[in-house]
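So this one's model_0.csv, CSV, C-alpha atoms and all ligand atoms:
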chain,number,residue,atom,x,y,z
A,17,MET,CA,-4.1,-35.3,17.5
A,18,ALA,CA,-0.3,-35.5,17.5
A,19,SER,CA,-0.2,-34.8,13.8
A,20,LEU,CA,-2.5,-31.8,14.3
A,21,THR,CA,-0.1,-30.4,17.0
A,22,LEU,CA,2.8,-31.0,14.6
A,23,LEU,CA,1.0,-29.2,11.8
A,24,ALA,CA,0.2,-26.3,14.2
A,25,CYS,CA,3.9,-26.1,15.1
A,26,VAL,CA,5.1,-26.2,11.5
A,27,LEU,CA,2.6,-23.4,10.6
A,28,PHE,CA,3.7,-21.3,13.6
A,29,ILE,CA,7.3,-21.6,12.5
A,30,LEU,CA,6.6,-21.0,8.8
A,31,LEU,CA,4.0,-18.2,8.9
A,32,PRO,CA,6.3,-15.3,9.8
A,33,VAL,CA,8.6,-16.5,6.9
A,34,ILE,CA,5.8,-16.6,4.4
A,35,ARG,CA,4.5,-13.2,5.5
A,36,SER,CA,7.4,-11.0,4.6
A,37,ASP,CA,9.7,-10.4,1.7
A,38,PRO,CA,12.4,-13.2,1.4
A,39,ASP,CA,15.6,-12.7,3.2
A,40,ALA,CA,18.5,-11.3,1.1
A,41,LEU,CA,21.7,-13.3,0.8
A,42,GLN,CA,23.9,-10.3,1.2
A,43,ASP,CA,23.9,-7.1,3.4
A,44,TYR,CA,22.5,-5.1,0.5
A,45,CYS,CA,21.7,-5.3,-3.1
A,46,VAL,CA,21.7,-1.6,-4.3
A,47,ALA,CA,19.4,-1.5,-7.3
A,48,ASP,CA,21.1,-1.3,-10.7
A,49,ASN,CA,18.2,0.6,-12.2
A,50,ALA,CA,20.0,0.7,-15.6
A,51,ALA,CA,20.0,-3.2,-15.8
A,52,SER,CA,17.4,-4.8,-17.9
A,53,SER,CA,14.7,-6.4,-15.8
A,54,THR,CA,15.0,-10.2,-15.4
A,55,GLY,CA,11.7,-10.7,-13.6
A,56,MET,CA,13.6,-11.8,-10.5
A,57,ASN,CA,12.5,-11.0,-7.0
A,58,GLY,CA,13.8,-7.5,-6.8
A,59,ILE,CA,16.2,-5.6,-9.2
A,60,PRO,CA,19.7,-6.8,-10.0
A,61,CYS,CA,22.5,-5.6,-7.7
A,62,LEU,CA,25.0,-2.9,-8.5
A,63,ASN,CA,28.6,-4.0,-8.3
A,64,PRO,CA,29.4,-3.4,-4.5
A,65,ALA,CA,32.6,-1.6,-5.6
A,66,GLU,CA,30.3,1.1,-7.1
A,67,VAL,CA,28.1,1.5,-4.1
A,68,HIS,CA,28.2,4.7,-2.0
A,69,ALA,CA,26.3,6.3,0.9
A,70,GLU,CA,24.0,8.4,-1.4
A,71,HIS,CA,22.5,5.2,-2.7
A,72,PHE,CA,20.9,4.8,0.8
A,73,LYS,CA,19.6,8.3,1.0
A,74,THR,CA,16.6,10.1,-0.3
A,75,SER,CA,14.9,13.5,0.4
A,76,ILE,CA,11.6,12.8,-1.4
A,77,LEU,CA,9.6,12.4,1.8
A,78,GLY,CA,10.3,16.0,2.6
A,79,ILE,CA,8.7,17.2,-0.7
A,80,ALA,CA,5.0,18.1,-0.6
A,81,GLY,CA,3.0,16.3,-3.3
A,82,ASN,CA,0.7,18.2,-5.7
A,83,THR,CA,-2.9,17.5,-4.6
A,84,SER,CA,-4.6,19.9,-7.0
A,85,GLY,CA,-5.9,17.2,-9.2
A,86,THR,CA,-7.6,14.5,-7.2
A,87,GLY,CA,-7.0,15.9,-3.7
A,88,LEU,CA,-4.3,13.2,-3.2
A,89,ALA,CA,-0.6,12.8,-3.8
A,90,ALA,CA,1.4,9.7,-3.0
A,91,THR,CA,5.2,9.9,-2.9
A,92,PRO,CA,6.7,6.4,-2.3
A,93,ILE,CA,10.3,5.5,-1.8
A,94,THR,CA,11.2,3.1,-4.6
A,95,PRO,CA,14.4,1.5,-5.7
A,96,GLN,CA,14.6,4.3,-8.3
A,97,SER,CA,14.5,7.1,-5.7
A,98,MET,CA,16.6,5.1,-3.1
A,99,PRO,CA,18.5,2.3,-4.8
A,100,GLY,CA,19.8,1.0,-1.5
A,101,ILE,CA,16.2,-0.1,-0.4
A,102,ASN,CA,16.2,-2.9,-3.0
A,103,THR,CA,15.6,-6.4,-1.4
A,104,LEU,CA,15.6,-5.0,2.2
A,105,GLY,CA,11.9,-5.9,2.7
A,106,LEU,CA,10.4,-2.5,3.6
A,107,THR,CA,9.4,0.9,2.2
A,108,MET,CA,7.9,4.2,3.2
A,109,ILE,CA,5.6,6.7,1.5
A,110,ARG,CA,4.4,10.3,2.0
A,111,PHE,CA,0.8,11.1,1.5
A,112,ASP,CA,-0.5,14.7,1.0
A,113,ILE,CA,-4.3,14.8,1.3
A,114,ALA,CA,-6.3,18.0,0.6
A,115,PRO,CA,-9.2,18.8,2.9
A,116,LYS,CA,-12.1,16.4,2.2
A,117,GLY,CA,-9.7,14.2,0.2
A,118,LEU,CA,-10.2,10.4,0.5
A,119,ILE,CA,-7.8,7.5,-0.2
A,120,PRO,CA,-10.6,5.1,-1.2
A,121,PRO,CA,-10.9,1.5,0.1
A,122,HIS,CA,-8.0,-0.6,-1.0
A,123,SER,CA,-5.8,-3.4,0.2
A,124,HIS,CA,-2.1,-4.2,0.0
A,125,PRO,CA,-1.6,-7.9,-0.7
A,126,ARG,CA,2.0,-8.1,0.4
A,127,ALA,CA,2.3,-5.8,3.5
A,128,SER,CA,0.8,-4.4,6.6
A,129,GLU,CA,0.9,-0.6,6.6
A,130,MET,CA,1.7,1.7,9.6
A,131,VAL,CA,0.9,5.3,9.2
A,132,PHE,CA,2.1,8.3,11.3
A,133,VAL,CA,0.4,11.7,11.2
A,134,LEU,CA,2.5,14.8,10.8
A,135,ARG,CA,-0.2,17.2,10.1
A,136,GLY,CA,-4.0,17.3,10.0
A,137,HIS,CA,-6.9,15.2,11.1
A,138,LEU,CA,-8.1,11.9,9.6
A,139,SER,CA,-10.8,9.3,9.8
A,140,VAL,CA,-9.3,5.8,9.1
A,141,GLY,CA,-10.8,2.4,9.1
A,142,PHE,CA,-10.4,-1.2,7.9
A,143,VAL,CA,-12.6,-4.2,7.6
A,144,ASP,CA,-11.2,-7.6,8.7
A,145,THR,CA,-11.9,-10.9,7.0
A,146,ASN,CA,-14.7,-11.6,9.4
A,147,GLY,CA,-16.5,-8.4,8.2
A,148,LYS,CA,-15.7,-6.5,11.4
A,149,PHE,CA,-15.2,-2.8,10.7
A,150,LEU,CA,-12.7,-1.0,12.9
A,151,SER,CA,-12.4,2.8,12.6
A,152,THR,CA,-11.1,5.8,14.5
A,153,LYS,CA,-9.8,9.3,14.2
A,154,ILE,CA,-6.0,10.1,14.1
A,155,THR,CA,-4.2,13.4,14.6
A,156,PRO,CA,-0.6,14.6,14.7
A,157,GLY,CA,1.5,12.3,16.8
A,158,ASP,CA,-0.8,9.3,16.3
A,159,ALA,CA,0.2,6.1,14.5
A,160,PHE,CA,-2.2,3.5,13.1
A,161,ILE,CA,-1.7,0.1,11.5
A,162,PHE,CA,-3.7,-1.6,8.8
A,163,PRO,CA,-3.1,-5.3,8.9
A,164,ARG,CA,-1.9,-6.9,5.7
A,165,GLY,CA,-4.5,-7.6,3.1
A,166,THR,CA,-7.3,-5.8,4.9
A,167,LEU,CA,-9.5,-3.3,3.1
A,168,HIS,CA,-8.9,0.2,4.4
A,169,TYR,CA,-9.3,3.9,3.7
A,170,LEU,CA,-8.1,7.3,5.0
A,171,LYS,CA,-10.1,10.5,4.8
A,172,ASN,CA,-9.1,14.0,5.6
A,173,ILE,CA,-11.8,15.3,8.0
A,174,GLY,CA,-10.0,18.5,9.0
A,175,LYS,CA,-9.6,22.0,7.5
A,176,VAL,CA,-5.8,21.8,6.7
A,177,PRO,CA,-4.0,19.5,4.3
A,178,VAL,CA,-2.9,16.2,5.8
A,179,VAL,CA,0.7,15.1,5.8
A,180,LEU,CA,1.1,11.4,6.6
A,181,ILE,CA,4.1,9.0,6.5
A,182,GLY,CA,3.3,5.4,5.8
A,183,SER,CA,5.6,2.4,6.1
A,184,PHE,CA,5.2,-1.1,4.7
A,185,ASN,CA,6.9,-4.4,5.6
A,186,SER,CA,7.5,-5.1,1.9
A,187,GLN,CA,9.6,-3.4,-0.7
A,188,ASN,CA,6.6,-3.7,-3.1
A,189,PRO,CA,3.3,-3.9,-1.0
A,190,GLY,CA,1.0,-3.8,-4.1
A,191,THR,CA,-2.3,-1.9,-4.1
A,192,ASN,CA,-5.7,-3.1,-5.1
A,193,LEU,CA,-8.2,-0.2,-5.2
A,194,VAL,CA,-11.6,-1.8,-4.9
A,195,SER,CA,-13.4,0.7,-7.2
A,196,LEU,CA,-10.8,0.7,-9.9
A,197,ALA,CA,-10.1,-3.1,-9.8
A,198,LEU,CA,-13.8,-3.9,-10.2
A,199,PHE,CA,-15.0,-1.1,-12.5
A,200,ALA,CA,-12.0,0.0,-14.5
A,201,SER,CA,-10.0,-3.2,-15.1
A,202,THR,CA,-8.5,-4.2,-18.5
A,203,PRO,CA,-10.3,-5.9,-20.0
A,204,PRO,CA,-13.5,-5.1,-18.1
A,205,ILE,CA,-15.4,-7.5,-15.9
A,206,SER,CA,-18.7,-8.2,-17.5
A,207,ASP,CA,-21.7,-6.0,-16.5
A,208,ASN,CA,-23.7,-9.0,-15.7
A,209,ILE,CA,-21.1,-10.3,-13.2
A,210,LEU,CA,-20.9,-6.9,-11.4
A,211,ALA,CA,-24.7,-6.5,-11.5
A,212,GLN,CA,-25.2,-9.9,-9.8
A,213,ALA,CA,-22.3,-9.3,-7.4
A,214,PHE,CA,-23.8,-6.0,-6.1
A,215,GLN,CA,-27.4,-6.9,-6.6
A,216,ILE,CA,-28.0,-3.9,-8.9
A,217,ASP,CA,-29.0,-3.6,-12.5
A,218,VAL,CA,-26.7,-3.4,-15.6
A,219,GLY,CA,-27.5,0.3,-16.1
A,220,GLN,CA,-26.2,1.1,-12.6
A,221,VAL,CA,-23.1,-0.9,-13.3
A,222,GLU,CA,-22.4,1.2,-16.4
A,223,LYS,CA,-23.0,4.4,-14.6
A,224,ILE,CA,-20.4,3.5,-11.9
A,225,ARG,CA,-18.0,2.3,-14.6
A,226,LYS,CA,-18.2,5.6,-16.4
A,227,SER,CA,-17.5,7.6,-13.3
A,228,PHE,CA,-14.2,5.6,-12.9
A,229,GLY,CA,-13.3,6.0,-16.6
A,230,GLY,CA,-13.9,2.3,-17.3
B,301,LIG,C1,-0.2,20.7,-9.8
B,301,LIG,O1,-0.9,19.9,-10.7
B,301,LIG,C2,-1.8,20.7,-11.6
B,301,LIG,C3,-2.6,19.7,-12.4
B,301,LIG,O2,-3.2,18.7,-11.7
B,301,LIG,C4,-1.0,21.6,-12.4
B,301,LIG,O3,-1.8,22.4,-13.2
B,301,LIG,C5,-0.1,22.5,-11.5
B,301,LIG,O4,0.7,23.3,-12.3
B,301,LIG,C6,0.7,21.7,-10.5
B,301,LIG,N1,1.4,22.5,-9.6
B,301,LIG,C7,2.7,22.4,-9.4
B,301,LIG,C8,3.3,23.4,-8.3
B,301,LIG,O5,3.4,21.6,-9.9
Take the structure in the file and write it out as structure tokens.
Amino acid sequence: MASLTLLACVLFILLPVIRSDPDALQDYCVADNAASSTGMNGIPCLNPAEVHAEHFKTSILGIAGNTSGTGLAATPITPQSMPGINTLGLTMIRFDIAPKGLIPPHSHPRASEMVFVLRGHLSVGFVDTNGKFLSTKITPGDAFIFPRGTLHYLKNIGKVPVVLIGSFNSQNPGTNLVSLALFASTPPISDNILAQAFQIDVGQVEKIRKSFGG
């Protein structure tokens, strides 16, 4: 019993640490985007003597994305557009979603996502790991949060384009789009596996695969 209590205490102390990007060892590590990648956790730092305020500024969230292709445009802040964000453990993104546009079910393995609506009406929802589906409508002024790792979607249910700002508690939240991950991976998952997983026949798997360009 005592050891269980100890384990619970240790987990309680460790979990918040495990669940966010690692703490940096300096105030900032402005990305040196010209440096060759070393595969380290983040991008190498610019010499602090070369750092200036513009490295911490970007105007990209103010620029409307082009939704004419898929009905969606995502404009994320990255260490390329804002070098000062490197290693600080967060990022933001602008979404433009045309009427009827859908950001299909996906998850972010490394971050929770909070969205704030500037324009338009959306239906949003996520499914937790117990299979519980939580959904609602959001309109300008509303914020909504998708817990880390949960499958979620956003759909424009209004007549005007949606403008939405998202924020993540990771510099690099990662995105797993369910449809593309399963039906358009490289190399492909075998038809038999997908047919068994979805309880459908192989012909149906190939039909879905084709519609995702897989
Ligand atoms: C938007 O993208 C489409 C292709 O999807 C392109 O034809 C069009 O020129 C783009 N519009 C602007 C303003 O860049």
Need the shell around His122 (chain A): protein/DNA/RNA residues with any atom at most 6 Å away, counting all atoms listed in the file. Skip same-chain ones fewer than 6 positions apart. Format as a list in words?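 Everything that qualifies: Leu167, His168, Asn192, Leu193 and Val194 of chain A.
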In the coordinate frame of the file, compute which residues have an atom within 6 Å of (-0.3, 18.2, 10.9) when using all atoms listed in the file, and state them as a PyMOL selection string. chain A and resi 134-136+156
Could you list, as a list in words, all protein and nucleic acid residues with an atom at most 6 Å from ligand LIG 301 (chain B), counting only C-alpha atoms and all ligand atoms? Asn82, Ser84 and Gly85 of chain A
Just the selected residues (C-alpha atoms), exported as an mmCIF file, in the frame of the given file, please.
data_model
loop_
_atom_site.group_PDB
_atom_site.id
_atom_site.type_symbol
_atom_site.label_atom_id
_atom_site.label_comp_id
_atom_site.auth_asym_id
_atom_site.auth_seq_id
_atom_site.Cartn_x
_atom_site.Cartn_y
_atom_site.Cartn_z
ATOM 1 C CA ASN A 82 0.700 18.200 -5.700
ATOM 2 C CA SER A 84 -4.600 19.900 -7.000
ATOM 3 C CA GLY A 85 -5.900 17.200 -9.200
#
Which is closest to Met108 (chain A) among A:Leu170, A:Ile59, A:Ile181, A:Leu41, if we use only C-alpha atoms? A:Ile181
Provide the CA of Glu222 (chain A) to CA of Lys148 (chain A) distance in Å, to one decimal place.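 Taking CA of Glu222 (chain A) as the start and CA of Lys148 (chain A) as the end point, the length is 29.6 Å.
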What is the distance, in Å and to one decimal place, between CA of Lys73 (chain A) and CA of Gly100 (chain A)?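 Result for CA of Lys73 (chain A) versus CA of Gly100 (chain A): 7.7 Å, one decimal.
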For a quick check of understanding, using only C-alpha atoms, which of A:Leu62, A:Leu77, A:Ala127, A:Leu196 has the smallest distance to Asn49 (chain A)?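 Closest residue, counting only C-alpha atoms: A:Leu62.
Our summary of the geometry notes that CA of Thr202 (chain A) is positioned 25.2 Å from CA of Arg164 (chain A).
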Pick the closest to Pro189 (chain A) from A:Lys153, A:Arg225, A:Arg126, A:Lys171: which is it, counting all atoms listed in the file? A:Arg126
Shell of 12 Å around Ser227 (chain A), all atoms listed in the file, local chain residues under 2 positions omitted, as a list in words: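 Within the cut-off, the hits are Ser195, Leu196, Phe199, Ala200, Gln220, Val221, Glu222, Lys223, Ile224, Arg225, Gly229 and Gly230 of chain A.
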Using only C-alpha atoms, the residue out of A:Ser75, A:Thr166, A:Gln212, A:Thr155 with shortest distance to Val133 (chain A) is A:Thr155
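Using all atoms listed in the file for every distance, the candidate list A:Pro95, A:Gly81, A:Pro177, A:Pro120 yields A:Pro95 as the residue closest to Ala50 (chain A).
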